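Asks: Here it is: the structure, laid out below.
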Amino acid sequence: MIAQLKALRTSPFWALLRLGAAIISLAPLNSAFAQTIETSVPHAILIDADTGSVLFEKDADAPVTPASTVKTMTAEVVFHELTEGRIKLDDQFLISENAWRTGGAPARASSMFAALNSRVRVEDLIRGLVIDSGNDAAIALAEGVAGSEGAFATLMMKRGRELGLTRSVFTNSWGKDDPEQKVTPREMTLLAAHVIQTYPDFYKYFGEKEFLWNKIKQTNRNPLLTMDIGADGLKTGNIDASGYGLIGSAVQNGQRLILALYGAASAKERADEARKLFLWGFRSFDSKTIFATGEVIGAAKVYGGASSDVPLVAEREVKILLPRNGADRFTGRIVYEGPLMAPVEPGQQVARLKISRGSTQVLDLPLKTAASVEVGSLPRRAMDAGLEYAGGLFRKYVGSKFEKKFVSSQ
């Protein structure tokens, strides 16, 4: 099958005039793909961190109440501020009356039990946030970074959009029940992958198993850390509106998987289902490279250029995970807004490669231009203008879907 995948490299790509989608078949269809595991939780998604491949999903794009798993986004904002140099680990933030009364001991909820009007180092607040799941720590960090909880929520939204979390809405730093605060399991795995890859020196806090503060020792609330599956993060959450949720990550034999699940009926169901999905993921797939780093994957149509198209490449190897038992059909699309307008510079991100296994999208990677395209001659531009005009009339009066399919050579 790998020979068939590599045969794609010499196959032509056909672009939609407007949507720029190309369809490719990456493997022969011997049997329809079916997920070989089920879960009792209503929302779950398991991904491979290295390739971004989706191994399992169940209603993963539904908006769910995050509860304390939102503290992963709180941590990301704090880590970003640390990386940018706007705060330091040794800075001390005030435990305001709001942080103490709303998130501390008087609230009788998850807390690091920081004393009222005390000042606590940022590093200790981070530990209180991700180990104790302290609401007081989350509020103190929010107020210390942004001045108020509301201003911090604005930062959370801004960072979320910058990271590509287009559907998640953040309104508070600690997981308070708010009907407007919603995330999707899929986007929470993307957030987790970003945190793990971008902040390795800070991610370690998620894996610490206990934390002592104010003479109170608390164990990490993440049940995965006590299992034999290689887990090293991230966060759990539970309020009445959410059920029991979890974002977790584990590593075995150099492979990292990330899981998000929401809506479990109990802490036991959450732990059992998470363990089951992780073990299945580690045992059921092999990684295969289908395009090397810098290898041309396809082309995008160029309007008014010296060349009619520009080659597209990925920033890294393109890998997919293949189930060890059974043959599967993979389909790929190159999607972009086009045709592109000349001139085109090399290194522009202009398209995305989307690969699906059956009805499940398993890969979504950005593609960049691999060459420059200068502005074409006047006759070339006139011809392209005529073709675009004719195409526009056709789309207006007849239809807009242009598609070419082909099967890789045997």
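Note on naming: chains are A, B, ... as they come in the structure tokens, residues start from 1 per chain, ligands start from 1 in the order shown.
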Please identify the alpha helix (DSSP H) residues within segment 199-343 of chain A (assignment by DSSP from backbone atoms) and present them as a ChimeraX atom specification.
Replies: /A:200-203,267-284
Asks: Suppose you want the space between atom CA of Ser168 of chain A and atom CA of Asp50 of chain A; what is it in Å?
Replies: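 Distance between the two atoms: 23.0 Å.
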Asks: Which one of A:Glu374, A:Pro346, A:Glu84, A:Glu315 sits closest to Tyr199 of chain A if you count only C-alpha atoms?
Replies: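 Comparing A:Glu374, A:Pro346, A:Glu84, A:Glu315 against Tyr199 of chain A, the winner is A:Glu84.
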Asks: Apply DSSP to the structure's backbone, then extract all residues of segment 65-278 of chain A labelled strand (DSSP E) and return them as a ChimeraX atom specification.
Replies: /A:92-94,119-121,210-213,216-219,231-239,243-252,255-264
Asks: Need to verify the contact set: Pro63 of chain A, 6 Å, only C-alpha atoms, exclusion of same-chain residues closer than 4 positions in sequence. Can you return it as number ranges by chain?
Replies: A: 182-184
Asks: For each of A:Ala370, A:Ile196, A:Ile247, A:Ala231, take the minimum atom-to-atom distance to Lys209 of chain A, counting only C-alpha atoms, then give the residue where this is smallest.
Replies: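 Checking each candidate against Lys209 of chain A, we get A:Ala231 as the closest.
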Asks: With distances taken over only C-alpha atoms, which residue among A:Gly134, A:Gly281, A:Gly248, A:Gly150 lies nearest Thr219 of chain A?
Replies: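 Of A:Gly134, A:Gly281, A:Gly248, A:Gly150, the one nearest Thr219 of chain A, counting only C-alpha atoms, is A:Gly134.
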Asks: Tell me which of A:Asp364, A:Glu187, A:Asp177, A:Glu317 sits closest to Ile334 of chain A, counting only C-alpha atoms.
Replies: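 Ranked by minimum distance to Ile334 of chain A, first place goes to A:Asp364.
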